[in-house]
Every structure is written in C-alpha cells, then in structure tokens.
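This is coords_38.tsv (TSV, C-alpha atoms).
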chain	number	residue	atom	x	y	z
A	1	MET	CA	129.32	81.52	138.99
A	2	HIS	CA	132.37	81.71	136.75
A	3	GLY	CA	130.14	81.45	133.65
A	4	PHE	CA	127.94	84.31	134.85
A	5	HIS	CA	131.05	86.42	135.49
A	6	GLU	CA	132.20	85.90	131.87
A	7	VAL	CA	128.75	86.72	130.47
A	8	PHE	CA	128.62	89.89	132.56
A	9	ILE	CA	132.04	90.99	131.25
A	10	GLN	CA	130.93	90.31	127.64
A	11	ILE	CA	127.76	92.35	128.03
A	12	LEU	CA	129.73	95.12	129.76
A	13	LEU	CA	132.18	95.15	126.85
A	14	LEU	CA	129.38	95.54	124.31
A	15	LEU	CA	127.80	98.21	126.48
A	16	ALA	CA	131.10	100.13	126.63
A	17	VAL	CA	131.40	99.99	122.83
A	18	SER	CA	127.75	101.04	122.42
A	19	VAL	CA	127.93	104.01	124.79
A	20	SER	CA	131.18	105.20	123.17
A	21	VAL	CA	129.55	105.07	119.73
A	22	ILE	CA	126.51	107.02	121.01
A	23	ALA	CA	128.80	109.68	122.53
A	24	ILE	CA	130.67	110.14	119.22
A	25	ALA	CA	127.40	110.18	117.22
A	26	LYS	CA	126.00	112.90	119.49
A	27	LEU	CA	129.14	115.01	119.01
A	28	LEU	CA	128.74	114.62	115.23
A	29	LYS	CA	124.96	115.30	115.53
A	30	GLU	CA	124.12	112.03	113.73
A	31	PRO	CA	121.40	109.48	114.74
A	32	ASP	CA	123.06	107.16	117.24
A	33	SER	CA	120.99	104.09	116.28
A	34	ILE	CA	122.32	104.22	112.70
A	35	ALA	CA	125.89	104.76	113.98
A	36	LEU	CA	125.52	101.71	116.25
A	37	VAL	CA	124.34	99.52	113.37
A	38	LEU	CA	127.26	100.65	111.18
A	39	VAL	CA	129.83	100.01	113.94
A	40	GLY	CA	128.18	96.63	114.61
A	41	LEU	CA	128.54	95.80	110.90
A	42	VAL	CA	132.26	96.64	110.96
A	43	LEU	CA	132.83	94.64	114.17
A	44	GLY	CA	130.73	91.78	112.75
A	45	MET	CA	133.08	91.52	109.78
A	46	THR	CA	136.28	91.63	111.84
A	47	GLU	CA	137.84	88.81	113.84
A	48	LEU	CA	138.11	90.26	117.34
A	49	PRO	CA	138.05	87.32	119.80
A	50	LEU	CA	136.35	89.15	122.71
A	51	ILE	CA	133.68	90.69	120.50
A	52	GLU	CA	133.16	87.36	118.71
A	53	GLU	CA	132.64	85.57	122.01
A	54	ALA	CA	130.18	88.19	123.29
A	55	GLU	CA	128.29	88.24	120.01
A	56	ARG	CA	128.09	84.44	119.81
A	57	TYR	CA	126.81	84.14	123.35
A	58	ILE	CA	124.17	86.83	123.01
A	59	THR	CA	122.78	86.15	119.53
A	60	GLN	CA	122.99	82.37	119.57
A	61	SER	CA	121.61	81.76	123.05
A	62	GLU	CA	118.06	81.62	124.30
A	63	VAL	CA	119.13	83.96	127.12
A	64	PHE	CA	119.51	86.81	124.64
A	65	GLN	CA	116.14	86.09	123.05
A	66	ALA	CA	114.38	85.99	126.42
A	67	THR	CA	116.18	89.18	127.47
A	68	ILE	CA	115.32	91.09	124.32
A	69	ILE	CA	111.64	90.20	124.42
A	70	SER	CA	111.00	90.11	128.17
A	71	LEU	CA	113.31	92.83	129.43
A	72	PHE	CA	113.87	95.35	126.66
A	73	LEU	CA	110.38	95.41	125.16
A	74	PRO	CA	108.53	96.62	128.30
A	75	ILE	CA	111.29	99.22	128.85
A	76	LEU	CA	111.13	100.65	125.32
A	77	LEU	CA	107.34	100.69	125.16
A	78	GLY	CA	106.85	102.00	128.69
A	79	ASP	CA	109.30	104.84	128.15
A	80	ALA	CA	107.62	105.82	124.87
A	81	THR	CA	104.18	106.04	126.53
A	82	LEU	CA	105.54	108.36	129.23
A	83	LYS	CA	107.07	110.63	126.57
A	84	LEU	CA	103.98	110.93	124.39
A	85	PRO	CA	101.18	112.90	126.06
A	86	PHE	CA	97.83	111.24	125.36
A	87	HIS	CA	96.08	114.55	124.58
A	88	GLU	CA	98.56	115.18	121.72
A	89	LEU	CA	97.96	111.68	120.41
A	90	PHE	CA	94.20	112.20	120.64
A	91	GLN	CA	94.48	115.30	118.43
A	92	ARG	CA	96.03	113.12	115.71
A	93	LYS	CA	93.78	110.11	116.34
A	94	LYS	CA	92.50	109.76	112.76
A	95	THR	CA	95.97	109.62	111.25
A	96	VAL	CA	97.40	107.39	113.99
A	97	LEU	CA	94.46	104.95	113.90
A	98	GLY	CA	94.53	104.86	110.10
A	99	LEU	CA	98.23	104.00	110.05
A	100	ALA	CA	98.35	101.71	113.09
A	101	PHE	CA	95.19	99.69	112.49
A	102	VAL	CA	94.19	99.85	108.81
A	103	GLY	CA	97.78	100.34	107.62
A	104	THR	CA	99.25	97.47	109.65
A	105	PHE	CA	96.69	94.97	108.33
A	106	ILE	CA	97.15	96.15	104.72
A	107	SER	CA	100.93	95.98	105.08
A	108	ALA	CA	100.82	92.45	106.56
A	109	LEU	CA	98.41	91.23	103.89
A	110	ALA	CA	100.35	92.78	100.98
A	111	ILE	CA	103.81	91.65	102.16
A	112	GLY	CA	102.59	88.17	103.15
A	113	SER	CA	100.83	87.58	99.81
A	114	ALA	CA	103.82	88.86	97.81
A	115	ALA	CA	106.29	86.77	99.87
A	116	TYR	CA	104.15	83.69	99.24
A	117	PHE	CA	103.45	84.19	95.52
A	118	LEU	CA	106.63	86.00	94.39
A	119	LEU	CA	109.33	84.73	96.76
A	120	GLY	CA	107.84	81.25	97.05
A	121	LEU	CA	107.96	81.18	100.84
A	122	PRO	CA	105.68	78.68	102.63
A	123	LEU	CA	102.45	80.36	103.79
A	124	ALA	CA	103.24	80.44	107.53
A	125	VAL	CA	106.78	81.70	106.86
A	126	ALA	CA	105.52	84.38	104.43
A	127	PHE	CA	103.00	85.80	106.91
A	128	THR	CA	105.40	85.53	109.85
A	129	PHE	CA	107.86	87.67	107.87
A	130	ALA	CA	105.01	90.03	106.90
A	131	ALA	CA	104.03	90.53	110.55
A	132	LEU	CA	107.64	91.36	111.44
A	133	MET	CA	107.80	93.89	108.62
A	134	SER	CA	104.58	95.62	109.68
A	135	ALA	CA	106.14	97.00	112.89
A	136	THR	CA	107.87	100.39	112.60
A	137	ASP	CA	110.69	101.69	114.77
A	138	PRO	CA	110.71	105.46	115.23
A	139	ILE	CA	113.91	105.77	117.33
A	140	SER	CA	116.25	106.89	114.51
A	141	VAL	CA	113.47	108.85	112.80
A	142	LEU	CA	112.57	110.85	115.91
A	143	SER	CA	116.19	111.79	116.62
A	144	ILE	CA	116.49	113.10	113.04
A	145	PHE	CA	113.16	114.95	113.35
A	146	LYS	CA	114.32	116.52	116.60
A	147	SER	CA	117.69	117.66	115.22
A	148	LEU	CA	116.03	119.31	112.18
A	149	GLY	CA	113.03	120.85	113.96
A	150	VAL	CA	110.32	118.84	112.17
A	151	PRO	CA	106.85	119.94	113.41
A	152	LYS	CA	105.47	118.26	116.56
A	153	LYS	CA	102.53	116.94	114.52
A	154	MET	CA	104.86	114.61	112.58
A	155	THR	CA	106.72	113.29	115.63
A	156	THR	CA	103.38	112.57	117.35
A	157	VAL	CA	102.07	110.68	114.30
A	158	MET	CA	105.25	108.60	113.86
A	159	GLU	CA	105.53	107.72	117.55
A	160	GLY	CA	101.81	107.07	117.98
A	161	GLU	CA	101.72	104.80	114.93
A	162	SER	CA	104.73	102.84	116.16
A	163	LEU	CA	103.33	102.28	119.65
A	164	PHE	CA	100.05	100.85	118.43
A	165	ASN	CA	101.26	99.00	115.36
A	166	ASP	CA	103.97	97.29	117.43
A	167	GLY	CA	101.18	95.78	119.53
A	168	ILE	CA	99.18	94.66	116.49
A	169	ALA	CA	102.27	93.35	114.67
A	170	VAL	CA	103.27	91.22	117.68
A	171	VAL	CA	99.75	89.70	117.82
A	172	LEU	CA	99.82	89.00	114.05
A	173	PHE	CA	103.31	87.50	114.42
A	174	THR	CA	102.08	85.11	117.14
A	175	ILE	CA	99.06	84.05	115.07
A	176	ALA	CA	101.12	83.59	111.87
A	177	SER	CA	104.01	81.67	113.44
A	178	VAL	CA	101.97	79.44	115.76
A	179	TYR	CA	98.35	79.08	114.60
A	180	LEU	CA	98.09	79.97	110.89
A	181	LEU	CA	98.43	76.53	109.31
A	182	SER	CA	95.90	74.87	111.61
A	183	TYR	CA	93.42	77.71	110.96
A	184	ILE	CA	93.83	77.39	107.18
A	185	GLU	CA	93.00	73.68	107.41
A	186	MET	CA	89.74	74.64	109.16
A	187	GLY	CA	88.63	76.83	106.24
A	188	TRP	CA	86.10	79.59	107.01
A	189	ALA	CA	85.77	78.36	110.60
A	190	GLY	CA	89.52	78.93	110.91
A	191	LEU	CA	89.11	82.55	109.79
A	192	GLY	CA	86.55	83.07	112.56
A	193	SER	CA	88.86	81.40	115.10
A	194	GLY	CA	91.74	83.62	113.97
A	195	LEU	CA	89.66	86.78	114.39
A	196	LEU	CA	88.51	85.67	117.83
A	197	LEU	CA	92.08	84.92	118.86
A	198	PHE	CA	93.20	88.35	117.62
A	199	LEU	CA	90.44	90.06	119.64
A	200	LYS	CA	91.33	88.01	122.72
A	201	PHE	CA	95.00	88.99	122.43
A	202	ALA	CA	94.33	92.66	121.76
A	203	LEU	CA	91.34	93.38	124.01
A	204	GLY	CA	92.62	91.15	126.82
A	205	GLY	CA	95.96	92.95	126.81
A	206	ALA	CA	94.28	96.37	126.71
A	207	LEU	CA	92.02	95.47	129.64
A	208	ILE	CA	94.91	94.25	131.80
A	209	GLY	CA	96.91	97.41	130.97
A	210	LEU	CA	93.91	99.64	131.76
A	211	VAL	CA	93.25	98.02	135.15
A	212	LEU	CA	96.90	98.00	136.25
A	213	GLY	CA	97.49	101.54	134.95
A	214	TYR	CA	94.51	102.76	136.99
A	215	ILE	CA	95.64	100.88	140.15
A	216	PHE	CA	99.20	102.25	139.99
A	217	SER	CA	97.88	105.76	139.24
A	218	GLN	CA	95.86	105.58	142.48
A	219	ILE	CA	98.86	104.22	144.43
A	220	ILE	CA	101.14	107.13	143.49
A	221	ARG	CA	98.56	109.62	144.80
A	222	ILE	CA	99.50	108.46	148.30
A	223	PHE	CA	103.21	109.21	147.94
A	224	ASP	CA	105.36	112.14	146.92
A	225	ASP	CA	108.62	110.22	146.71
A	226	TYR	CA	110.10	110.00	143.23
A	227	PRO	CA	112.43	106.97	143.74
A	228	LEU	CA	109.43	104.99	144.98
A	229	GLU	CA	107.24	106.23	142.12
A	230	ILE	CA	109.93	105.24	139.61
A	231	ALA	CA	109.92	101.76	141.19
A	232	PHE	CA	106.13	101.65	140.80
A	233	SER	CA	106.44	102.59	137.10
A	234	ALA	CA	108.89	99.70	136.60
A	235	LEU	CA	106.49	97.34	138.38
A	236	LEU	CA	103.68	98.54	136.12
A	237	PHE	CA	105.62	98.07	132.85
A	238	PHE	CA	106.99	94.62	133.68
A	239	GLY	CA	103.93	93.52	135.65
A	240	SER	CA	101.44	94.37	132.90
A	241	TYR	CA	103.66	92.64	130.30
A	242	PHE	CA	104.12	89.39	132.22
A	243	ILE	CA	100.57	89.20	133.61
A	244	ALA	CA	99.14	89.69	130.10
A	245	GLU	CA	101.49	87.07	128.66
A	246	HIS	CA	100.56	84.67	131.48
A	247	PHE	CA	96.90	84.93	130.49
A	248	HIS	CA	97.80	84.45	126.79
A	249	THR	CA	96.95	88.02	125.80
A	250	SER	CA	99.20	90.73	124.34
A	251	GLY	CA	101.89	91.93	126.75
A	252	VAL	CA	102.87	94.69	124.30
A	253	ILE	CA	99.34	96.14	124.18
A	254	ALA	CA	99.07	95.83	127.99
A	255	VAL	CA	102.27	97.89	128.47
A	256	VAL	CA	101.14	100.54	125.96
A	257	VAL	CA	97.66	100.99	127.50
A	258	GLY	CA	98.97	100.78	131.11
A	259	GLY	CA	101.76	103.24	130.32
A	260	PHE	CA	99.37	105.75	128.75
A	261	MET	CA	97.02	105.51	131.74
A	262	PHE	CA	99.92	105.98	134.18
A	263	GLY	CA	101.70	108.71	132.18
A	264	ASP	CA	98.57	110.76	131.50
A	265	TYR	CA	95.94	110.12	134.19
A	266	GLY	CA	98.48	109.08	136.87
A	267	ALA	CA	100.70	112.10	136.18
A	268	LYS	CA	97.74	114.48	136.54
A	269	ILE	CA	96.50	113.09	139.85
A	270	GLY	CA	99.65	111.84	141.56
A	271	MET	CA	102.95	113.22	140.20
A	272	SER	CA	104.77	116.36	141.28
A	273	GLU	CA	106.91	118.21	138.73
A	274	GLU	CA	110.02	116.80	140.46
A	275	THR	CA	108.69	113.25	140.00
A	276	LYS	CA	107.85	113.84	136.34
A	277	THR	CA	111.37	115.14	135.66
A	278	ASN	CA	113.08	112.30	137.51
A	279	ILE	CA	110.90	109.51	136.14
A	280	ASN	CA	111.61	110.71	132.57
A	281	SER	CA	115.35	111.00	133.27
A	282	PHE	CA	115.46	107.48	134.74
A	283	TRP	CA	113.69	105.85	131.78
A	284	ASP	CA	115.70	107.95	129.30
A	285	THR	CA	118.89	106.38	130.69
A	286	ILE	CA	117.55	102.82	130.79
A	287	THR	CA	116.15	103.14	127.24
A	288	LEU	CA	119.46	104.52	125.96
A	289	LEU	CA	121.29	101.44	127.30
A	290	ALA	CA	118.65	99.02	125.98
A	291	ASN	CA	118.68	100.56	122.50
A	292	ALA	CA	122.47	100.75	122.50
A	293	LEU	CA	122.74	96.98	122.89
A	294	ILE	CA	119.92	96.15	120.47
A	295	PHE	CA	121.18	98.28	117.57
A	296	LEU	CA	124.80	97.15	118.03
A	297	MET	CA	123.56	93.54	117.97
A	298	VAL	CA	121.68	94.20	114.70
A	299	GLY	CA	125.00	95.08	113.07
A	300	LEU	CA	126.95	92.26	114.75
A	301	GLU	CA	124.42	89.66	113.60
A	302	ILE	CA	125.68	90.15	110.02
A	303	ARG	CA	128.23	87.34	110.53
A	304	ASN	CA	125.38	84.84	111.01
A	305	ILE	CA	123.65	85.77	107.76
A	306	ASP	CA	124.57	84.08	104.49
A	307	LEU	CA	124.27	86.98	102.05
A	308	ALA	CA	126.26	85.32	99.26
A	309	GLY	CA	124.04	84.01	96.50
A	310	ASN	CA	120.91	85.52	98.06
A	311	TRP	CA	121.12	89.03	96.65
A	312	GLY	CA	118.20	88.71	94.22
A	313	TYR	CA	116.07	87.23	96.98
A	314	ILE	CA	117.03	90.04	99.39
A	315	VAL	CA	116.46	92.86	96.88
A	316	SER	CA	113.01	91.41	96.06
A	317	ALA	CA	112.12	91.25	99.78
A	318	ILE	CA	113.19	94.89	100.29
A	319	ALA	CA	111.09	95.99	97.29
A	320	ILE	CA	108.06	94.04	98.59
A	321	VAL	CA	108.36	95.65	102.04
A	322	LEU	CA	108.67	99.16	100.54
A	323	VAL	CA	105.57	98.61	98.38
A	324	GLY	CA	103.70	97.18	101.40
A	325	ARG	CA	104.56	100.28	103.42
A	326	THR	CA	103.43	102.60	100.60
A	327	LEU	CA	100.07	100.81	100.32
A	328	ALA	CA	99.67	100.96	104.12
A	329	VAL	CA	100.32	104.71	104.27
A	330	TYR	CA	98.23	105.79	101.28
A	331	ILE	CA	95.26	103.46	101.88
A	332	GLY	CA	95.41	103.76	105.68
A	333	THR	CA	95.42	107.58	105.62
A	334	GLY	CA	93.64	108.20	102.30
A	335	TRP	CA	90.52	109.41	104.12
A	336	VAL	CA	92.46	111.73	106.50
A	337	LYS	CA	92.30	115.39	105.52
A	338	GLU	CA	94.95	116.69	107.96
A	339	LEU	CA	97.93	115.22	106.08
A	340	THR	CA	99.54	116.96	103.12
A	341	SER	CA	101.09	115.01	100.24
A	342	LYS	CA	104.58	115.99	101.46
A	343	GLU	CA	103.82	114.69	104.96
A	344	ARG	CA	102.62	111.37	103.51
A	345	ILE	CA	105.89	111.02	101.57
A	346	LEU	CA	107.86	111.56	104.80
A	347	ILE	CA	105.69	109.13	106.83
A	348	ASN	CA	106.10	106.53	104.07
A	349	TRP	CA	109.91	106.75	103.84
A	350	GLY	CA	110.23	107.25	107.62
A	351	GLY	CA	108.57	103.89	108.44
A	352	LEU	CA	111.89	102.30	109.38
A	353	LYS	CA	112.18	98.73	110.62
A	354	GLY	CA	114.30	98.16	113.70
A	355	SER	CA	114.74	96.53	117.07
A	356	LEU	CA	111.28	94.97	117.46
A	357	SER	CA	111.46	93.17	114.09
A	358	VAL	CA	114.89	91.78	114.99
A	359	ALA	CA	113.85	90.78	118.50
A	360	LEU	CA	110.78	88.91	117.24
A	361	ALA	CA	112.72	87.15	114.46
A	362	LEU	CA	115.31	85.94	116.98
A	363	SER	CA	112.53	84.76	119.31
A	364	LEU	CA	111.30	82.20	116.75
A	365	PRO	CA	111.90	78.67	118.10
A	366	MET	CA	114.92	76.87	116.64
A	367	ASP	CA	112.58	74.21	115.21
A	368	PHE	CA	110.38	76.75	113.37
A	369	SER	CA	110.38	75.67	109.72
A	370	GLY	CA	111.79	78.57	107.74
A	371	ARG	CA	113.51	80.31	110.69
A	372	ASP	CA	116.72	80.86	108.68
A	373	GLN	CA	114.77	82.42	105.78
A	374	VAL	CA	112.94	84.75	108.15
A	375	LEU	CA	116.21	85.80	109.85
A	376	LEU	CA	117.98	86.37	106.51
A	377	LEU	CA	115.18	88.54	105.10
A	378	THR	CA	114.43	90.39	108.36
A	379	PHE	CA	118.04	91.37	109.02
A	380	SER	CA	118.55	92.38	105.37
A	381	VAL	CA	115.45	94.61	105.34
A	382	VAL	CA	116.30	96.13	108.76
A	383	LEU	CA	119.86	96.93	107.63
A	384	PHE	CA	118.57	98.51	104.40
A	385	SER	CA	115.94	100.40	106.33
A	386	LEU	CA	118.26	101.81	109.00
A	387	ILE	CA	121.19	102.60	106.73
A	388	VAL	CA	119.67	103.59	103.35
A	389	GLN	CA	116.34	105.05	104.52
A	390	GLY	CA	117.82	106.37	107.78
A	391	LEU	CA	120.69	108.22	106.09
A	392	THR	CA	118.47	109.69	103.34
A	393	LEU	CA	115.82	111.05	105.74
A	394	LYS	CA	117.66	114.31	106.45
A	395	PRO	CA	118.05	115.27	102.75
A	396	LEU	CA	114.41	114.25	102.15
A	397	ILE	CA	113.11	116.44	105.00
A	398	LYS	CA	115.11	119.40	103.68
A	399	LYS	CA	113.93	118.75	100.11
A	400	LEU	CA	110.29	118.61	101.27
A	401	ASN	CA	110.88	121.72	103.40
A	402	LEU	CA	109.14	120.14	106.41
A	403	THR	CA	111.00	121.98	109.14
A	404	GLU	CA	109.76	124.69	111.45
A	405	PRO	CA	111.59	128.04	111.38
A	406	GLN	CA	114.21	128.28	114.12
A	407	LYS	CA	113.15	130.56	116.99

Whole structure, structure tokens version:
Amino acid sequence: MHGFHEVFIQILLLLAVSVSVIAIAKLLKEPDSIALVLVGLVLGMTELPLIEEAERYITQSEVFQATIISLFLPILLGDATLKLPFHELFQRKKTVLGLAFVGTFISALAIGSAAYFLLGLPLAVAFTFAALMSATDPISVLSIFKSLGVPKKMTTVMEGESLFNDGIAVVLFTIASVYLLSYIEMGWAGLGSGLLLFLKFALGGALIGLVLGYIFSQIIRIFDDYPLEIAFSALLFFGSYFIAEHFHTSGVIAVVVGGFMFGDYGAKIGMSEETKTNINSFWDTITLLANALIFLMVGLEIRNIDLAGNWGYIVSAIAIVLVGRTLAVYIGTGWVKELTSKERILINWGGLKGSLSVALALSLPMDFSGRDQVLLLTFSVVLFSLIVQGLTLKPLIKKLNLTEPQK
C-alpha cells in the first residue's frame, strides 16, 4: 500500500508540472505539447530528487509501458474519432487513403531499407524503427493550425491520416519486431504469411470495432443520460481495444473504427446536443491529462539516452526519416488532384513524430535485440520532430500563406 501511495504522489507531481506548463503555454499562445517536451528536457538534465524518482519509476518500469499502451492509446484514439466527423473525412478520402495506406507502406519500406543498408542496423531492428517512424502525431500540428486559422481541409487531412496510419504502423511494428526474421527464413512463403497476418490484424480489428460501435450506438438510443453515455463511450474505447488484442488483431484499428461508428452513426441516432457537448468536454479533459504526461515524459527520457558519440548516427537517422516522409507524401498523394503544391509542402513538414512512436519503442521487451538502438534513434527523431519541425511550422504556414482570412 505504501508503495502505491508513493507512485501516486510521483504521478501527481508530474501531472502538476504538466498542467502548469500547459497553462503557461496557452497564455503565451504556443503549442503545449512542444512546451512540455522542452520543460521535460530541462528537468531531465537537472538533478531534482523527486522528479528523478518519478521519472525513473515511470520510464524504467513495465507499469509505465503497460499504462501508455493500454490506457492512453484508447483514450487518444477514441477522442480523436469523436472530434473528426466521418462525413468530413469522407470528402477527403483520396488524400487520406493515399497518405495513410500507400504513404505508410512507402515510408516504412524506405526508412527500413535505409536503416539496414546505410545505418547497418540488423533487419528486424531496422524495420521495427521504420514502423515506429511511419506513425504521425498531429497534436502539436493541429493546435498550431487552429491558432493560425489554417483551412479545415488541412486539419481534416492531417488528423485523418494520423488516425489510420497509427493503426497500420502499429500492425507493421508488431510484425517487424516479432515475426519478421522467421518470415524471411521462409522465403516467398514467408511474404505470403506476412501479408495474411497483416490482413488478419487489420481486418479483424476493423470488424471488432464495427460490431462494438454498432452495438453501443444502439444502446445509447435507449437513454438520454449523458453521464451514462460517457461511461458507454469509455467501455467502447477500452472494450474494443482489449477484445481485439485478446483475439490477436489490431486494438488500435478496432478503437478507430468503433469510435467512428459511435461518433457518427451513434451520435445521429442516439445523442442529444447536451450529450454531444458533455461527451466532448469529458474526453477533452482526459486527453489533455494523458498528453500532458506523455509529452513531459518524452523530454524527461533524455537522461536515459546516450547522445555522446552518437551524433553522426542520429543526424543520419533524422535525414532518413525526413526523406521517407517526403517519399510517402509525394508518391502517396501524387495521383490526388485536390492538393496544391503548397499544401503538400505543409503536409510533408507537418508529419511530426510523437507520443505513439515513443510509447511503442518503450513497449519493446527488455530482451529485444537492438532495443537500446531503437530507443536512441526514436527519441532523437521525436525530439527533432517536435522541437525543430514543430517550432518552424508557424513561420512555414505564414510563408506559404495557407491561412484563411479572419472573419
């Protein structure tokens, strides 16, 4: 009991720091996720006993890894599906599908091949890293878009891409880190097995999400009681994730599909305006707390990374990821007529890496060969992405003149 009490105090301390940073960032009208990473970096390089203890417990324990993946992921994904109306996503389907499906595979293939041939990483390690780097995190990007009045079209594309490519990246990560070597030994038969496994993960997860989303949409027709309907939404997000994982399919894809079904179809047939307002407010708050901890932890983790002597390695990895992203955007959307060249530039530079990449890297088993290399490169790229790309997005948007006139 005493141990739990200490852990609770440590998490509360980090939460207090995180919320304070967010409050200051909002006053300064800066993206709070970037502010959290920067504060985490400063705290990570200082010797504050309480912070050190909290950071050591959370980043070095399996509890943190389980919490990040099993608790935060359904929250972040579920909230995003409620916020993004499906009809808006459908309008941009060509761009979103091009980026999320074609782009994610191109990115993973390009980064994995370059990491193997140029960085000399073992094959499984190279493609595990590539899968992590194929997921985008739109949190910082969307807050910048919102503050500058970037057209709705762009926010829909960025958020839609992230939701779907997160699901695909997690499936690719699982295949690369667990099954890749055994499939390579099988030759062409292994390629077929890999494709079948991918389809099982993706389609199985989508089917579970679809069924549960439909069931919960029907349940909320019976009630007009927003606290109860919020509880049902939580049951849907966590239930679809854990049921899908139990059946060895993609929990991420299950949450995304279930959330879309519930937020679009369920909202039309079973939610009053009061419920819609309250359900969004509830998940806004929970997501804020989840992101606050994740982004602060990204900065704090710096003390566990041996940067000295690895600079050439890190710079090469960053360059590889940036090239992979560029190939993904231009090949994945090359056939789409609705994007201008300026919009492609913004989508390319706005493909930031964030909490999901970090969470997945930390979830690698301690005995995974190459875990330290993956952590070093993932954290380095995420820090570059959030700080350098994140802080240059505003000037880029203004330079490209991609803002709507203020009303």

Residue with smallest distance to Leu362 (chain A) - pool A:Met297, A:Val39, A:Val171, A:Leu119, counting only C-alpha atoms
A:Met297

Show me, as a list in words, the residues that have an atom within 8 Å of region 217-225 of chain A when counting all atoms listed in the file, minus same-chain residues fewer than 3 positions from it.
Gly213, Tyr214, Leu228, Glu229, Phe232, Met261, Phe262, Tyr265, Gly266, Ala267, Ile269, Gly270, Met271, Ser272 and Thr275 of chain A

Selection near Thr156 (chain A), 12 Å with all atoms listed in the file, sequence-local residues under 2 positions removed, as a PyMOL selection string
chain A and resi 80-81+83-93+95-96+138+141-142+145-146+150-154+158-163+347

Which polymer residues have any atom within 9 Å of an atom of Ile320 (chain A), counting all atoms listed in the file, with same-chain residues fewer than 6 positions away left out, as number ranges by chain?
A: 110-111, 114-115

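Among A:Ser193, A:Asp32, A:Val374, A:Gly299, the residue with the shortest atom-to-atom distance to Thr46 (chain A), counting only C-alpha atoms, is A:Gly299.
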
Tell me, as a count of residues only, which residues lie within 12 Å of Ala25 (chain A), counting all atoms listed in the file; anything in the same chain fewer than 3 positions away does not count.
20

Would you kindly return, as a list in words, each protein, DNA or RNA residue with an atom no farther than 7 Å from any atom of Leu82 (chain A), considering all atoms listed in the file and excluding same-chain residues fewer than 4 positions away?
Gly78, Gly259, Phe260 and Gly263 of chain A

Kindly export the residues of the current selection with C-alpha atoms, as a tab-separated table (two decimals), keeping the file's coordinate frame.
chain	number	residue	atom	x	y	z
A	78	GLY	CA	106.85	102.00	128.69
A	259	GLY	CA	101.76	103.24	130.32
A	260	PHE	CA	99.37	105.75	128.75
A	263	GLY	CA	101.70	108.71	132.18

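You can rank A:Ile397, A:Ile331, A:Val178, A:Val170 by their closest distance to Gly205 (chain A) using all atoms listed in the file, and at the top of that list sits A:Val170.
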
4 Å per side around region 278-287 of chain A: axis-aligned box centre and edge lengths, as lines of an AutoDock Vina configuration file:
center_x = 114.9
center_y = 107.6
center_z = 132.4
size_x = 16.0
size_y = 17.5
size_z = 18.3

List the residues sitting within 7 Å of (106.8, 118.2, 103.6) in the file's frame, using all atoms listed in the file, as a PyMOL selection string.
chain A and resi 342-343+346+397+400-402

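With all atoms listed in the file as the atoms that count, the minimum distance from Thr403 (chain A) to the choices A:Val358, A:Ala135, A:Phe201, A:Thr155 is reached by A:Thr155.
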
Would you kindly place N, CA and C atoms on region 166-177 of chain A and return the model as an mmCIF file, in the coordinates of the input?
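Listing of part.cif after writing:
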data_model
loop_
_atom_site.group_PDB
_atom_site.id
_atom_site.type_symbol
_atom_site.label_atom_id
_atom_site.label_comp_id
_atom_site.auth_asym_id
_atom_site.auth_seq_id
_atom_site.Cartn_x
_atom_site.Cartn_y
_atom_site.Cartn_z
ATOM 1 N N ASP A 166 103.107 98.303 116.804
ATOM 2 C CA ASP A 166 103.970 97.290 117.430
ATOM 3 C C ASP A 166 103.097 96.223 118.102
ATOM 4 N N GLY A 167 102.080 96.702 118.836
ATOM 5 C CA GLY A 167 101.180 95.780 119.530
ATOM 6 C C GLY A 167 100.452 94.867 118.562
ATOM 7 N N ILE A 168 99.928 95.448 117.483
ATOM 8 C CA ILE A 168 99.180 94.660 116.490
ATOM 9 C C ILE A 168 100.114 93.707 115.759
ATOM 10 N N ALA A 169 101.309 94.196 115.397
ATOM 11 C CA ALA A 169 102.270 93.350 114.670
ATOM 12 C C ALA A 169 102.690 92.137 115.502
ATOM 13 N N VAL A 170 102.883 92.339 116.815
ATOM 14 C CA VAL A 170 103.270 91.220 117.680
ATOM 15 C C VAL A 170 102.147 90.171 117.738
ATOM 16 N N VAL A 171 100.893 90.624 117.810
ATOM 17 C CA VAL A 171 99.750 89.700 117.820
ATOM 18 C C VAL A 171 99.687 88.933 116.496
ATOM 19 N N LEU A 172 99.838 89.643 115.363
ATOM 20 C CA LEU A 172 99.820 89.000 114.050
ATOM 21 C C LEU A 172 100.972 88.003 113.908
ATOM 22 N N PHE A 173 102.135 88.379 114.451
ATOM 23 C CA PHE A 173 103.310 87.500 114.420
ATOM 24 C C PHE A 173 103.024 86.192 115.164
ATOM 25 N N THR A 174 102.405 86.298 116.340
ATOM 26 C CA THR A 174 102.080 85.110 117.140
ATOM 27 C C THR A 174 101.094 84.214 116.386
ATOM 28 N N ILE A 175 100.071 84.827 115.811
ATOM 29 C CA ILE A 175 99.060 84.050 115.070
ATOM 30 C C ILE A 175 99.699 83.373 113.843
ATOM 31 N N ALA A 176 100.522 84.137 113.094
ATOM 32 C CA ALA A 176 101.120 83.590 111.870
ATOM 33 C C ALA A 176 102.107 82.471 112.156
ATOM 34 N N SER A 177 102.943 82.656 113.192
ATOM 35 C CA SER A 177 104.010 81.670 113.440
ATOM 36 C C SER A 177 103.522 80.436 114.202
#
